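Since the structure comes first, as C-alpha cells, the remarks are kept for the end.
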Amino acid sequence: MTKLSLRGVRKSFGDTEVIRGIDLDVGEGEMVCLIGASGSGKSTLLRCINLLEPVDDGIIRLDGVDIAEPGLDPRPVRRRIGIVFQSYNLFPHMTAAENAMLAPRRVHRRDRAALTGPVMALFERFGLADRMHHYPDQLSGGQQQRVAIIRALAMEPEIMLFDEITSALDPELVGEVLDVLRQLHRDGMTMILATHEMGFARELADKVCFLDNGVILEQGPPSSLFSAPSQPRTRSFLSRVL
C-alpha cells in the first residue's frame with residue numbers, strides 16, 4: 001500500500017531550481033534510499049516532504065491526502081513525519097532522556113510520568129539504557145545520533161526521514177547508527193534516507209533513487225540499480241563511489 005506519493009514536486013531558492021519535478025512513491029514499511037552527489041537535491045527533498053520547506057509546485061500525498069496544499073498547518077504533518085539530520089541538535093543542558101521527552105511534552109502535552117516508560121523502552125531498544133541520564137557532552141557522536149533518533153521516535157511518527165545521519169560521525173561509529181536503521185526496518189517503519197552509505201543501501205533498501213540536478217534520474221531495487229544502471233550519469237556516479 002502506498003504510504004507517501006509525490007508528483008511534480010518543485011522547489012526553488014531564488015533563481016535556482018533545486019527540485020525540478022520529482023515523482024516518487026513510497027510503500028508502507030519500505031526503506032527508500034536517496035543517493036547522488038552533494039547538491040543533487042536530496043536534503044531539500046526531505047525538507048519538502050516534512051514541510052520544513054514549502055514546495056513551489058506539485059503534490060505530496062500522505063495516505064491519499066495532499067499535505068503540500070498552500071496554507072495547510074504543517075504541525076500535524078510533522079507529528080506524523082519525523083526527521084533526523086546529520087547534526088544532532090541536542091540541548092546541552094538537558095540529559096538524553098530530557099531531550100527525548102521535550103517534544104512529546106510540548107506538542108502532545110504528555111506529562112513526564114506518562115512518557116518515562118515509553119522513552120525508557122526506546123533507550124533500552126537501542127542500547128542506551130545506561131546513558132539516559134547523561135548529558136550530550138558525556139556521549140560519543142554515535143550515541144548522540146542515536147539519542148536524536150530516539151527523540152524523533154518518541155513522537156510516534158508514521159514515517160521517518162534521515163538526512164545523511166552518519167556523515168558527521170567517525171567511521172568506527174557509523175555501524176552503531178546503521179544498526180538502529182536496520183532494526184527500524186525490521187520493525188516495519190516507513191523510511192526515506194539520504195545517504196552516502198552505498199553498502200548499506202545495497203544491503204537493505206527496498207528502492208534506491210539516484211538524484212542528479214534536482215531530478216530522480218533513475219530508481220529501482222538495489223540489485224538492478226547498482227549492478228546494471230541504465231543511465232550513463234548513474235554509471236559515472238557509482239563508478240566513483242563503489
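Chains: A, B, ... in order of the C-alpha cells. Residues: from 1 per chain. Ligands: from 1, in order shown.
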
(message) When you look at Met94 in chain A with a cut-off of 10 Å (counting only C-alpha atoms), what residues show up, excluding the ones that are within fewer than 5 positions of it in the same chain? I need them as a PyMOL selection string.
(response) chain A and resi 99-100+102+133-136

Could you turn the residues from that selection into a file that holds C-alpha atoms, as an mmCIF file, in the first residue's frame?
data_model
loop_
_atom_site.group_PDB
_atom_site.id
_atom_site.type_symbol
_atom_site.label_atom_id
_atom_site.label_comp_id
_atom_site.auth_asym_id
_atom_site.auth_seq_id
_atom_site.Cartn_x
_atom_site.Cartn_y
_atom_site.Cartn_z
ATOM 1 C CA ASN A 99 15.962 15.750 25.209
ATOM 2 C CA ALA A 100 13.826 12.827 24.088
ATOM 3 C CA LEU A 102 10.823 17.546 25.291
ATOM 4 C CA HIS A 133 20.694 10.433 32.345
ATOM 5 C CA HIS A 134 23.946 11.504 30.717
ATOM 6 C CA TYR A 135 24.345 14.927 29.124
ATOM 7 C CA PRO A 136 25.244 15.212 25.419
#

(message) I'd like the contact shell of Met132 in chain A - 10 Å cut-off, only C-alpha atoms, skipping same-chain residues fewer than 5 positions apart - returned as a PyMOL selection string.
(response) chain A and resi 95-100+119-120+123-124+147

(request) Extract, using only C-alpha atoms, all DNA, RNA and protein residues at most 6 Å from range 47-58 of chain A, discarding same-chain residues fewer than 6 positions from it, and format them as a VMD selection string. (result) chain A and resid 7 to 11 78

(request) Compile the contact shell of Gly127 in chain A as an NGL selection string: residues with an atom at most 10 Å away, counting only C-alpha atoms, same-chain residues fewer than 2 positions apart removed. (result) :A and (121-125 or 129-131 or 143 or 146 or 176 or 180)

(message) Neighbouring residues of Val215 in chain A were defined as those with any atom within 7 Å, considering only C-alpha atoms; residues of the same chain fewer than 5 positions away were excluded. Please report them as a list in words.
(response) Ile19, Arg20, Gly21 and Ile22 of chain A

Using only C-alpha atoms, find each residue of range 77-189 of chain A with at least one atom at most 12 Å away from an atom of range 30-38 of chain A; report its shortest atom-to-atom pair and that distance in Å (one decimal), sort the rows by chain and rising residue number, and return the result as CSV.
residue,atom,partner,partner_atom,distance
A:Glu158,CA,A:Glu30,CA,11.6
A:Ile159,CA,A:Glu30,CA,9.7
A:Met160,CA,A:Met31,CA,9.5
A:Leu161,CA,A:Val32,CA,9.7
A:Phe162,CA,A:Cys33,CA,9.4
A:Asp163,CA,A:Leu34,CA,9.4
A:Glu164,CA,A:Leu34,CA,9.8
A:Ser167,CA,A:Ser38,CA,11.8
A:Leu181,CA,A:Met31,CA,9.4
A:Arg182,CA,A:Met31,CA,9.8
A:Gln183,CA,A:Met31,CA,11.7
A:Leu184,CA,A:Met31,CA,9.6
A:His185,CA,A:Met31,CA,6.9
A:Arg186,CA,A:Glu30,CA,10.1
A:Asp187,CA,A:Glu30,CA,10.7
A:Gly188,CA,A:Glu30,CA,7.5
A:Met189,CA,A:Glu30,CA,7.3

Could you write out, as a compact mmCIF listing (two decimals) with N, CA and C atoms, in the first residue's frame, all the residues of range 1-240 of chain A that DSSP marks as helix (DSSP H, G or I)?
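So result.txt came out as:
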# COMPACT_ATOMS: atom_id res chain seq x y z
N LYS A 42 18.90 16.02 -2.55
CA LYS A 42 18.42 15.02 -1.60
C LYS A 42 17.89 15.65 -0.32
N SER A 43 18.69 16.52 0.29
CA SER A 43 18.29 17.13 1.57
C SER A 43 17.07 18.03 1.39
N THR A 44 17.05 18.79 0.31
CA THR A 44 15.91 19.68 0.07
C THR A 44 14.63 18.86 -0.12
N LEU A 45 14.74 17.73 -0.80
CA LEU A 45 13.56 16.88 -0.99
C LEU A 45 13.02 16.40 0.35
N LEU A 46 13.89 15.97 1.25
CA LEU A 46 13.43 15.52 2.57
C LEU A 46 12.77 16.67 3.33
N ARG A 47 13.35 17.85 3.25
CA ARG A 47 12.78 19.00 3.95
C ARG A 47 11.42 19.39 3.38
N CYS A 48 11.24 19.18 2.08
CA CYS A 48 9.93 19.44 1.46
C CYS A 48 8.90 18.42 1.95
N ILE A 49 9.29 17.16 2.05
CA ILE A 49 8.36 16.12 2.49
C ILE A 49 7.89 16.40 3.92
N ARG A 75 2.12 21.59 11.26
CA ARG A 75 2.44 20.94 12.54
C ARG A 75 1.86 19.53 12.67
N PRO A 76 0.60 19.30 12.29
CA PRO A 76 0.11 17.91 12.37
C PRO A 76 0.87 16.96 11.47
N VAL A 77 1.34 17.47 10.32
CA VAL A 77 2.11 16.63 9.40
C VAL A 77 3.45 16.26 10.03
N ARG A 78 4.10 17.22 10.67
CA ARG A 78 5.41 16.95 11.26
C ARG A 78 5.32 15.98 12.43
N ARG A 79 4.15 15.88 13.04
CA ARG A 79 3.97 14.87 14.09
C ARG A 79 3.94 13.47 13.48
N ARG A 80 3.54 13.38 12.22
CA ARG A 80 3.42 12.08 11.55
C ARG A 80 4.69 11.72 10.78
N ALA A 96 19.99 13.09 28.10
CA ALA A 96 19.49 12.41 26.90
C ALA A 96 17.98 12.15 27.02
N ALA A 97 17.54 11.68 28.18
CA ALA A 97 16.11 11.40 28.38
C ALA A 97 15.28 12.68 28.30
N GLU A 98 15.78 13.76 28.88
CA GLU A 98 15.05 15.03 28.84
C GLU A 98 14.95 15.55 27.41
N ASN A 99 16.01 15.38 26.62
CA ASN A 99 15.96 15.75 25.21
C ASN A 99 14.88 14.97 24.48
N ALA A 100 14.79 13.68 24.77
CA ALA A 100 13.83 12.83 24.09
C ALA A 100 12.39 13.14 24.48
N MET A 101 12.19 13.60 25.72
CA MET A 101 10.83 13.87 26.20
C MET A 101 10.32 15.25 25.85
N LEU A 102 11.21 16.15 25.44
CA LEU A 102 10.82 17.55 25.29
C LEU A 102 9.69 17.74 24.28
N ALA A 103 9.85 17.22 23.07
CA ALA A 103 8.83 17.45 22.04
C ALA A 103 7.49 16.80 22.39
N PRO A 104 7.44 15.53 22.85
CA PRO A 104 6.13 14.98 23.23
C PRO A 104 5.45 15.76 24.35
N ARG A 105 6.24 16.30 25.27
CA ARG A 105 5.65 17.08 26.36
C ARG A 105 5.06 18.39 25.83
N ARG A 106 5.79 19.03 24.91
CA ARG A 106 5.32 20.33 24.41
C ARG A 106 4.23 20.19 23.35
N VAL A 107 4.40 19.22 22.46
CA VAL A 107 3.48 19.09 21.33
C VAL A 107 2.25 18.27 21.69
N ARG A 112 5.54 14.04 32.19
CA ARG A 112 6.78 13.29 32.29
C ARG A 112 6.53 11.84 32.75
N ALA A 113 5.61 11.66 33.71
CA ALA A 113 5.34 10.33 34.24
C ALA A 113 4.83 9.39 33.14
N ALA A 114 3.96 9.91 32.27
CA ALA A 114 3.41 9.08 31.19
C ALA A 114 4.46 8.75 30.15
N LEU A 115 5.46 9.60 30.01
CA LEU A 115 6.48 9.39 28.98
C LEU A 115 7.63 8.52 29.45
N THR A 116 7.83 8.43 30.74
CA THR A 116 9.02 7.75 31.25
C THR A 116 9.13 6.32 30.75
N GLY A 117 8.04 5.56 30.82
CA GLY A 117 8.06 4.16 30.39
C GLY A 117 8.38 4.00 28.90
N PRO A 118 7.62 4.68 27.99
CA PRO A 118 7.90 4.55 26.56
C PRO A 118 9.29 5.03 26.17
N VAL A 119 9.75 6.14 26.76
CA VAL A 119 11.08 6.65 26.42
C VAL A 119 12.17 5.70 26.93
N MET A 120 11.99 5.17 28.14
CA MET A 120 12.95 4.21 28.66
C MET A 120 13.03 2.98 27.75
N ALA A 121 11.87 2.54 27.24
CA ALA A 121 11.84 1.39 26.34
C ALA A 121 12.63 1.67 25.06
N LEU A 122 12.57 2.90 24.55
CA LEU A 122 13.33 3.27 23.36
C LEU A 122 14.83 3.24 23.65
N PHE A 123 15.23 3.77 24.79
CA PHE A 123 16.65 3.76 25.15
C PHE A 123 17.15 2.32 25.30
N GLU A 124 16.33 1.46 25.90
CA GLU A 124 16.72 0.06 26.04
C GLU A 124 16.82 -0.62 24.67
N ARG A 125 15.85 -0.30 23.81
CA ARG A 125 15.79 -0.93 22.48
C ARG A 125 17.04 -0.63 21.66
N ALA A 129 20.28 2.33 27.50
CA ALA A 129 19.60 2.41 28.79
C ALA A 129 20.50 2.99 29.87
N ASP A 130 21.80 2.72 29.78
CA ASP A 130 22.74 3.22 30.79
C ASP A 130 23.22 4.63 30.50
N ARG A 131 22.69 5.24 29.44
CA ARG A 131 23.11 6.60 29.09
C ARG A 131 21.94 7.60 29.15
N PRO A 136 24.66 15.44 26.75
CA PRO A 136 25.24 15.21 25.42
C PRO A 136 26.77 15.19 25.39
N ASP A 137 27.42 16.08 26.16
CA ASP A 137 28.89 16.11 26.10
C ASP A 137 29.53 14.92 26.80
N GLN A 138 28.71 14.07 27.42
CA GLN A 138 29.20 12.83 28.02
C GLN A 138 28.98 11.63 27.10
N GLY A 141 29.73 10.59 19.56
CA GLY A 141 28.93 11.06 18.44
C GLY A 141 27.86 10.06 18.03
N GLY A 142 28.23 8.77 18.00
CA GLY A 142 27.26 7.75 17.64
C GLY A 142 26.13 7.66 18.64
N GLN A 143 26.45 7.81 19.94
CA GLN A 143 25.41 7.79 20.97
C GLN A 143 24.50 9.01 20.86
N GLN A 144 25.09 10.17 20.58
CA GLN A 144 24.27 11.37 20.42
C GLN A 144 23.32 11.23 19.22
N GLN A 145 23.82 10.62 18.14
CA GLN A 145 22.95 10.46 16.97
C GLN A 145 21.83 9.47 17.28
N ARG A 146 22.12 8.43 18.06
CA ARG A 146 21.06 7.50 18.46
C ARG A 146 20.03 8.19 19.35
N VAL A 147 20.49 9.08 20.22
CA VAL A 147 19.55 9.85 21.04
C VAL A 147 18.67 10.74 20.16
N ALA A 148 19.26 11.33 19.12
CA ALA A 148 18.47 12.15 18.19
C ALA A 148 17.40 11.32 17.50
N ILE A 149 17.73 10.06 17.16
CA ILE A 149 16.74 9.18 16.55
C ILE A 149 15.65 8.83 17.57
N ILE A 150 16.06 8.52 18.81
CA ILE A 150 15.08 8.23 19.86
C ILE A 150 14.16 9.43 20.07
N ARG A 151 14.72 10.63 20.06
CA ARG A 151 13.91 11.84 20.24
C ARG A 151 12.83 11.94 19.15
N ALA A 152 13.21 11.62 17.92
CA ALA A 152 12.22 11.66 16.83
C ALA A 152 11.18 10.55 17.00
N LEU A 153 11.62 9.36 17.41
CA LEU A 153 10.69 8.23 17.57
C LEU A 153 9.75 8.43 18.75
N PRO A 171 34.32 7.01 11.35
CA PRO A 171 33.97 5.74 10.68
C PRO A 171 33.60 4.61 11.63
N GLU A 172 34.28 4.53 12.78
CA GLU A 172 34.00 3.40 13.69
C GLU A 172 32.65 3.54 14.39
N LEU A 173 32.04 4.73 14.33
CA LEU A 173 30.74 4.94 14.98
C LEU A 173 29.58 4.78 14.02
N VAL A 174 29.86 4.71 12.72
CA VAL A 174 28.80 4.64 11.72
C VAL A 174 27.96 3.38 11.90
N GLY A 175 28.63 2.26 12.18
CA GLY A 175 27.93 0.98 12.26
C GLY A 175 26.84 0.95 13.30
N GLU A 176 27.09 1.58 14.47
CA GLU A 176 26.08 1.51 15.53
C GLU A 176 24.82 2.29 15.16
N VAL A 177 24.96 3.35 14.36
CA VAL A 177 23.79 4.10 13.92
C VAL A 177 23.06 3.34 12.82
N LEU A 178 23.80 2.72 11.90
CA LEU A 178 23.16 1.92 10.85
C LEU A 178 22.42 0.73 11.44
N ASP A 179 22.91 0.20 12.55
CA ASP A 179 22.20 -0.90 13.21
C ASP A 179 20.82 -0.47 13.70
N VAL A 180 20.71 0.78 14.13
CA VAL A 180 19.40 1.31 14.53
C VAL A 180 18.45 1.32 13.33
N LEU A 181 18.95 1.73 12.17
CA LEU A 181 18.10 1.76 10.97
C LEU A 181 17.70 0.35 10.56
N ARG A 182 18.61 -0.60 10.71
CA ARG A 182 18.26 -1.99 10.40
C ARG A 182 17.11 -2.47 11.28
N GLN A 183 17.18 -2.12 12.56
CA GLN A 183 16.13 -2.54 13.49
C GLN A 183 14.80 -1.88 13.15
N LEU A 184 14.84 -0.60 12.82
CA LEU A 184 13.61 0.10 12.44
C LEU A 184 12.99 -0.53 11.19
N HIS A 185 13.84 -0.91 10.24
CA HIS A 185 13.36 -1.55 9.02
C HIS A 185 12.71 -2.89 9.33
N ARG A 186 13.33 -3.66 10.22
CA ARG A 186 12.74 -4.95 10.62
C ARG A 186 11.39 -4.74 11.30
N MET A 198 26.75 3.46 0.53
CA MET A 198 26.28 2.65 -0.59
C MET A 198 26.12 1.17 -0.23
N GLY A 199 27.03 0.67 0.60
CA GLY A 199 26.90 -0.71 1.01
C GLY A 199 25.62 -0.96 1.78
N PHE A 200 25.28 -0.03 2.65
CA PHE A 200 24.04 -0.14 3.43
C PHE A 200 22.83 -0.08 2.51
N ALA A 201 22.82 0.88 1.56
CA ALA A 201 21.70 0.99 0.63
C ALA A 201 21.55 -0.28 -0.20
N ARG A 202 22.66 -0.81 -0.62
CA ARG A 202 22.63 -2.04 -1.43
C ARG A 202 22.08 -3.21 -0.63
N GLU A 203 22.42 -3.26 0.65
CA GLU A 203 22.03 -4.38 1.51
C GLU A 203 20.56 -4.32 1.90
N LEU A 204 20.06 -3.13 2.23
CA LEU A 204 18.80 -3.06 2.97
C LEU A 204 17.67 -2.32 2.26
N PRO A 222 17.86 -2.15 -5.40
CA PRO A 222 19.32 -2.02 -5.41
C PRO A 222 20.00 -3.08 -6.26
N SER A 223 19.41 -4.26 -6.37
CA SER A 223 20.04 -5.31 -7.17
C SER A 223 20.22 -4.89 -8.62
N SER A 224 19.26 -4.12 -9.16
CA SER A 224 19.38 -3.69 -10.55
C SER A 224 20.08 -2.35 -10.68
N LEU A 225 19.80 -1.41 -9.77
CA LEU A 225 20.38 -0.07 -9.93
C LEU A 225 21.90 -0.10 -9.73
N PHE A 226 22.36 -0.87 -8.76
CA PHE A 226 23.80 -0.93 -8.52
C PHE A 226 24.52 -1.82 -9.52
N SER A 227 23.86 -2.88 -9.98
CA SER A 227 24.53 -3.85 -10.85
C SER A 227 24.44 -3.48 -12.33
N PRO A 232 23.86 6.74 -18.17
CA PRO A 232 25.30 7.00 -18.11
C PRO A 232 25.72 7.80 -16.88
N ARG A 233 24.89 8.77 -16.49
CA ARG A 233 25.22 9.59 -15.32
C ARG A 233 25.23 8.74 -14.05
N THR A 234 24.29 7.81 -13.94
CA THR A 234 24.28 6.91 -12.78
C THR A 234 25.52 6.05 -12.77
N ARG A 235 25.89 5.51 -13.93
CA ARG A 235 27.07 4.66 -14.01
C ARG A 235 28.33 5.44 -13.62
N SER A 236 28.41 6.69 -14.06
CA SER A 236 29.57 7.52 -13.74
C SER A 236 29.65 7.77 -12.24
N PHE A 237 28.52 8.09 -11.62
CA PHE A 237 28.50 8.34 -10.18
C PHE A 237 28.91 7.10 -9.40
N LEU A 238 28.30 5.96 -9.75
CA LEU A 238 28.57 4.73 -9.00
C LEU A 238 30.02 4.27 -9.19
N SER A 239 30.60 4.54 -10.35
CA SER A 239 31.99 4.14 -10.57
C SER A 239 32.94 4.88 -9.65
N ARG A 240 32.52 6.07 -9.19
CA ARG A 240 33.38 6.85 -8.30
C ARG A 240 33.19 6.50 -6.84

(request) Quick one: pick out all strand (DSSP E) residues within range 6-167 of chain A from a backbone DSSP run and write them as a VMD selection string. (result) chain A and resid 6 to 13 16 to 27 31 to 35 57 to 62 65 to 66 81 to 84 159 to 163

(message) I'd like the contact shell of Leu4 in chain A - 7 Å cut-off, only C-alpha atoms, skipping same-chain residues fewer than 2 positions apart - returned as an NGL selection string.
(response) :A and (2 or 6 or 25-27 or 61-63)

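The smallest atom-to-atom distance between Ile60 in chain A and any of A:Ile83, A:Met155, A:Leu24, A:Val18, using only C-alpha atoms, is found for A:Leu24.
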
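Between CA of His196 in chain A and CA of Asp23 in chain A the separation is 21.4 Å.
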
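The closest residue to Gly39 in chain A, picked from A:Ala205, A:Ile59, A:Asn213, A:Met1 and counting only C-alpha atoms, is A:Asn213.
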
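Of the residues under consideration (A:Gln231, A:Gln219, A:Ser40, A:Thr166), A:Thr166 shows the shortest atom-to-atom contact distance to Glu197 in chain A when counting only C-alpha atoms.
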
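For the pair CA of Leu242 in chain A and CA of Gln86 in chain A, the separation is 21.9 Å.
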